[in-house]
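Following: one structure in structure tokens, then a few remarks.
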Amino acid sequence: MKHFACHWLAVSSLFLGVLARGETRPQYGGTLRVTMHAAPATLDPADGRVPDSFARRNVTSLLFDTLVAWNAGHAQSGLAESWQSSKGNQRWQFRLRHGVKFHDGTPLTSEIVAASLQLANSAWSVRAEGESVVIDCDEPNPEMLAEVALSRNAIVKRDGEEKVSGTGPFHIVEWQPGKKLTLAAEEDCWRGRPFLDGVEIEMGRSFRDQATALEIGRADLVEIAPEQAHHFPSARGKLVSSAPVELMALVFAKDVSSPDEKLLREALGLSVDRESIHSVLLQGAGQLTGSLLPTWISGFGFVFSSKAELQKARQLGDQVHTARAWTIGYDGSDPVARLLVERIALNAKDAGLSLVPTAVGSSDLRLMRIPLASSDPWIALAGIAAQAGLSKPKNNEAAFEELFAAEQGELARERVVPLFHLPVFYAASASLRDWALRTDGALELANAWLGAAK
């Protein structure tokens, strides 16, 4: 009897072990419910009317693919299976993958790819050449692989202004611009069918509403505001954060127009008490900074001081005899932006400067959140420059010294006052498995699946 009991226990243990392993095995089926704060009006990644955002990248990665993927400083094959450069990185050739089809059944061709890339990059000369696409640039572009991996360079088949088709893991079922997007799994995706049957994305939801939706089981994946992440209860779901991938900065609308204005802008940068704002309003999220690029990307972000120097700010202001008030704009839909701007205005007042906050109309300067375009430092710096109205930095074979000089040059123009580098935060229910964050702060959901809640 004892022998039989031991044998039964051994068999039952083996059986339970198999069940346990089966519980962690990916399962097909289910619809992932996602919420986001942004409310994009278009799904076309090359539409310049819609600013870059992590939410937009998340949507793009579900529908479209790029020629290559950029991961931890290395290019991985995407719609292009191989590539080569010539003429000192001024010409790039990408050989396309065979057997790929768009969601509408159209085969992937070099002509469609060339047209898609040309629309997104007017400065390039793009042409189809057999089963390859050739890109010619006016000057050497050693960062081409990281650039074609950007979300805006995803390959899109366009039929008119509204109808778009991709090659990604999901296709469009229903699209209500700025409100809701419903997707279904692409059965014949070249990467293989995703585990999820579909994805439903609700847009324009406040961070508070998103957290509530997760808590009551109406959402599986939500965004969490950086200043709220510290207080997010683990019982609500799994919280994941990226490296600091967003620059929060003050950006002036115009270049410096006089020596006096240059002194005042420098005084403003020295007046901001980043440490107090970081600990109180941002609840310790992210890193205070005086640089455009975070140290994890450039390696030298710590060199630029972020310390408030009120006495020096006053001295600079005293050198200017007449100074008008500046209007400082902010996004009224950002729950913490108004508080940040008001605190910055108080800091400026202590230095003898006058800032008038406004959430409507144009302004002299603005509090901006700029998503870093890539983990590649030159691409990231160029993206910041574009959004801040600065000239594109020239990259001469990506030398470290030149990158440092380029950032110094941008900061010397006193057009941008860097404040913080912030991570992005997402929270998911216990049933969502095998999802991840990419280095650019976007979600990776191609291999995600829904299982029983733990």
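Just so we're on the same page: first chain in the structure tokens is A, next is B, and so on; residues restart at 1 for each chain, and ligands are numbered from 1 in the order they show up.
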
Can you list every residue of region 132-191 of chain A that has an atom at most 12 Å from region 93-107 of chain A, with its nearest atom pair and the distance in Å to one decimal, using only C-alpha atoms, ordered by chain then number, as a tab-separated table?
residue	atom	partner	partner_atom	distance
A:Ser132	CA	A:Arg95	CA	4.3
A:Val133	CA	A:Phe94	CA	5.2
A:Val134	CA	A:Gln93	CA	4.4
A:Ile135	CA	A:Gln93	CA	6.4
A:Asp136	CA	A:Gln93	CA	8.9
A:Cys137	CA	A:Gln93	CA	11.7
A:Met144	CA	A:Gln93	CA	10.6
A:Leu145	CA	A:Phe94	CA	10.0
A:Val148	CA	A:Phe94	CA	10.5
A:Ile155	CA	A:Phe102	CA	9.7
A:Val156	CA	A:Phe102	CA	8.6
A:Lys157	CA	A:Phe102	CA	7.5
A:Arg158	CA	A:Phe102	CA	10.7
A:Asp159	CA	A:Asp104	CA	10.6
A:Lys163	CA	A:Asp104	CA	10.6
A:Val164	CA	A:His103	CA	9.3
A:Ser165	CA	A:His103	CA	5.8
A:Gly166	CA	A:Phe102	CA	5.2
A:Thr167	CA	A:Phe102	CA	4.7
A:Gly168	CA	A:His103	CA	8.1
A:Pro169	CA	A:His103	CA	9.3
A:Phe170	CA	A:His103	CA	8.4
A:His171	CA	A:His103	CA	6.3
A:Ile172	CA	A:His103	CA	8.7
A:Val173	CA	A:His103	CA	11.1
A:Leu183	CA	A:His103	CA	11.7
A:Ala184	CA	A:His103	CA	10.8
A:Ala185	CA	A:His103	CA	10.3
A:Glu186	CA	A:His103	CA	7.3
A:Glu187	CA	A:His103	CA	9.6
A:Asp188	CA	A:Lys101	CA	8.2
A:Cys189	CA	A:Lys101	CA	7.7
A:Trp190	CA	A:Val100	CA	5.7
A:Arg191	CA	A:Val100	CA	9.2

For the residues in that selection, give me C-alpha atoms as a short mmCIF file (atom, residue, chain, number, x, y, z; two decimals), in the first residue's frame.
data_model
loop_
_atom_site.label_atom_id
_atom_site.label_comp_id
_atom_site.auth_asym_id
_atom_site.auth_seq_id
_atom_site.Cartn_x
_atom_site.Cartn_y
_atom_site.Cartn_z
CA SER A 132 16.28 46.02 -54.17
CA VAL A 133 15.73 49.62 -53.12
CA VAL A 134 18.55 52.15 -53.50
CA ILE A 135 18.77 55.33 -51.42
CA ASP A 136 21.10 58.15 -52.46
CA CYS A 137 21.82 61.00 -50.05
CA MET A 144 21.13 55.14 -42.32
CA LEU A 145 20.33 51.78 -40.73
CA VAL A 148 15.25 53.54 -41.80
CA ILE A 155 6.68 50.71 -45.25
CA VAL A 156 3.12 51.62 -46.19
CA LYS A 157 1.04 50.85 -49.26
CA ARG A 158 -1.18 53.87 -49.80
CA ASP A 159 -4.44 53.89 -51.78
CA LYS A 163 -6.54 53.92 -46.98
CA VAL A 164 -3.24 52.41 -45.82
CA SER A 165 -2.04 48.82 -45.73
CA GLY A 166 0.96 47.30 -43.99
CA THR A 167 2.78 44.01 -43.51
CA GLY A 168 2.68 43.92 -39.70
CA PRO A 169 1.20 41.28 -37.37
CA PHE A 170 -2.27 42.89 -37.27
CA HIS A 171 -4.60 44.48 -39.83
CA ILE A 172 -7.26 47.16 -39.42
CA VAL A 173 -10.85 46.10 -38.73
CA LEU A 183 -7.23 45.20 -35.11
CA ALA A 184 -7.30 41.52 -36.02
CA ALA A 185 -4.44 39.03 -36.31
CA GLU A 186 -2.91 38.74 -39.77
CA GLU A 187 -3.09 35.02 -40.51
CA ASP A 188 -0.48 35.15 -43.29
CA CYS A 189 2.00 37.51 -41.64
CA TRP A 190 5.51 36.85 -42.90
CA ARG A 191 6.73 36.66 -39.30
#

inquiry  = I need the residues in region 257-360 of chain A that are helix (DSSP H, G or I) according to DSSP; give them as a PyMOL selection string.
reply    = chain A and resi 259-271+274-280+295-298+301-303+310-318+337-350

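Non-sequential neighbours of region 257-264 of chain A (distance at most 6 Å, separation of 6 or more positions within a chain, only C-alpha atoms) are Leu316, Gly317 and Val320 of chain A.
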
Closest atom pairs, residues of region 108-168 of chain A within 9 Å of region 378-388 of chain A, only C-alpha atoms, as CSV:
residue,atom,partner,partner_atom,distance
A:Glu143,CA,A:Ile379,CA,7.3
A:Ala146,CA,A:Ile379,CA,7.4
A:Glu147,CA,A:Ile379,CA,6.9

message = Which residues are near Leu196 (chain A)? Cut-off 12 Å, only C-alpha atoms, ignore same chain within fewer than 3 positions. Put them as a ChimeraX atom specification.
response = /A:26-33,62,169-170,183-187,192-193,199-200,432-435,445-451

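The nearest approach to Gly290 (chain A) among the residues A:Val416, A:Val360, A:Ala235, A:Ala351, with only C-alpha atoms taken into account, belongs to A:Val416.
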
remark   = Min atom-atom distance to Lys312 (chain A) from the set A:Glu266, A:Glu246, A:Glu223, A:Asp440, counting only C-alpha atoms, belongs to A:Glu266

Extract, using only C-alpha atoms, all DNA, RNA and protein residues at most 12 Å from region 296-305 of chain A, discarding same-chain residues fewer than 5 positions from it, and format them as a JSON list (two decimals) with C-alpha atoms, in the first residue's frame.
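Written file, around-v1.json:
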[["chain", "number", "residue", "atom", "x", "y", "z"],
["A", 72, "ALA", "CA", 20.75, 47.98, -28.71],
["A", 73, "GLY", "CA", 22.87, 49.66, -31.36],
["A", 242, "SER", "CA", 11.96, 52.15, -19.90],
["A", 243, "ALA", "CA", 15.27, 53.96, -19.72],
["A", 244, "PRO", "CA", 14.87, 57.77, -19.81],
["A", 245, "VAL", "CA", 13.63, 58.20, -23.40],
["A", 246, "GLU", "CA", 11.78, 61.53, -23.26],
["A", 269, "GLY", "CA", 18.12, 78.23, -17.29],
["A", 270, "LEU", "CA", 20.10, 78.94, -14.13],
["A", 272, "VAL", "CA", 15.08, 76.62, -12.49],
["A", 274, "ARG", "CA", 15.16, 71.14, -11.09],
["A", 275, "GLU", "CA", 15.93, 69.21, -7.91],
["A", 287, "GLN", "CA", 16.55, 62.30, -14.05],
["A", 288, "LEU", "CA", 17.17, 66.04, -13.87],
["A", 289, "THR", "CA", 19.43, 67.19, -16.68],
["A", 290, "GLY", "CA", 21.22, 70.06, -18.36],
["A", 291, "SER", "CA", 21.82, 68.06, -21.54],
["A", 372, "LEU", "CA", 13.85, 60.57, -28.30],
["A", 373, "ALA", "CA", 13.60, 59.26, -31.84],
["A", 374, "SER", "CA", 16.18, 56.50, -31.41],
["A", 375, "SER", "CA", 18.81, 55.03, -29.12],
["A", 376, "ASP", "CA", 21.32, 56.10, -31.78],
["A", 377, "PRO", "CA", 22.77, 59.40, -30.43],
["A", 378, "TRP", "CA", 22.95, 61.24, -33.76],
["A", 379, "ILE", "CA", 19.41, 60.28, -34.72],
["A", 380, "ALA", "CA", 18.16, 61.26, -31.26],
["A", 381, "LEU", "CA", 19.95, 64.62, -31.38],
["A", 398, "ALA", "CA", 29.85, 59.57, -35.63],
["A", 399, "ALA", "CA", 33.03, 60.59, -33.80],
["A", 400, "PHE", "CA", 32.49, 60.98, -30.05],
["A", 401, "GLU", "CA", 34.17, 64.39, -29.96],
["A", 402, "GLU", "CA", 31.98, 65.65, -32.79],
["A", 403, "LEU", "CA", 28.82, 64.48, -31.06],
["A", 404, "PHE", "CA", 29.82, 66.34, -27.90],
["A", 405, "ALA", "CA", 30.62, 69.47, -29.92],
["A", 406, "ALA", "CA", 27.31, 69.21, -31.77],
["A", 407, "GLU", "CA", 25.31, 69.13, -28.54],
["A", 408, "GLN", "CA", 27.37, 71.98, -27.10],
["A", 411, "LEU", "CA", 22.79, 74.40, -26.27],
["A", 412, "ALA", "CA", 24.91, 77.51, -26.89],
["A", 417, "VAL", "CA", 16.58, 74.70, -21.69],
["A", 418, "PRO", "CA", 16.76, 70.97, -20.84],
["A", 419, "LEU", "CA", 15.02, 70.05, -17.59],
["A", 420, "PHE", "CA", 14.46, 66.29, -17.21],
["A", 421, "HIS", "CA", 14.87, 62.97, -18.97],
["A", 439, "THR", "CA", 14.77, 50.71, -26.53],
["A", 440, "ASP", "CA", 12.85, 53.59, -28.17]]

query = Separation of CA of Ser276 (chain A) and CA of Phe425 (chain A), in Å?
reply =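 The value is 21.8 Å.
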
message = Which residues are near Asp350 (chain A)? Cut-off 9 Å, only C-alpha atoms, ignore same chain within fewer than 3 positions. Put them as a list in words.
response =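 My list of contacting residues is Ser271, Leu310, Arg314, Ala345, Leu346, Asn347 and Leu353 of chain A.
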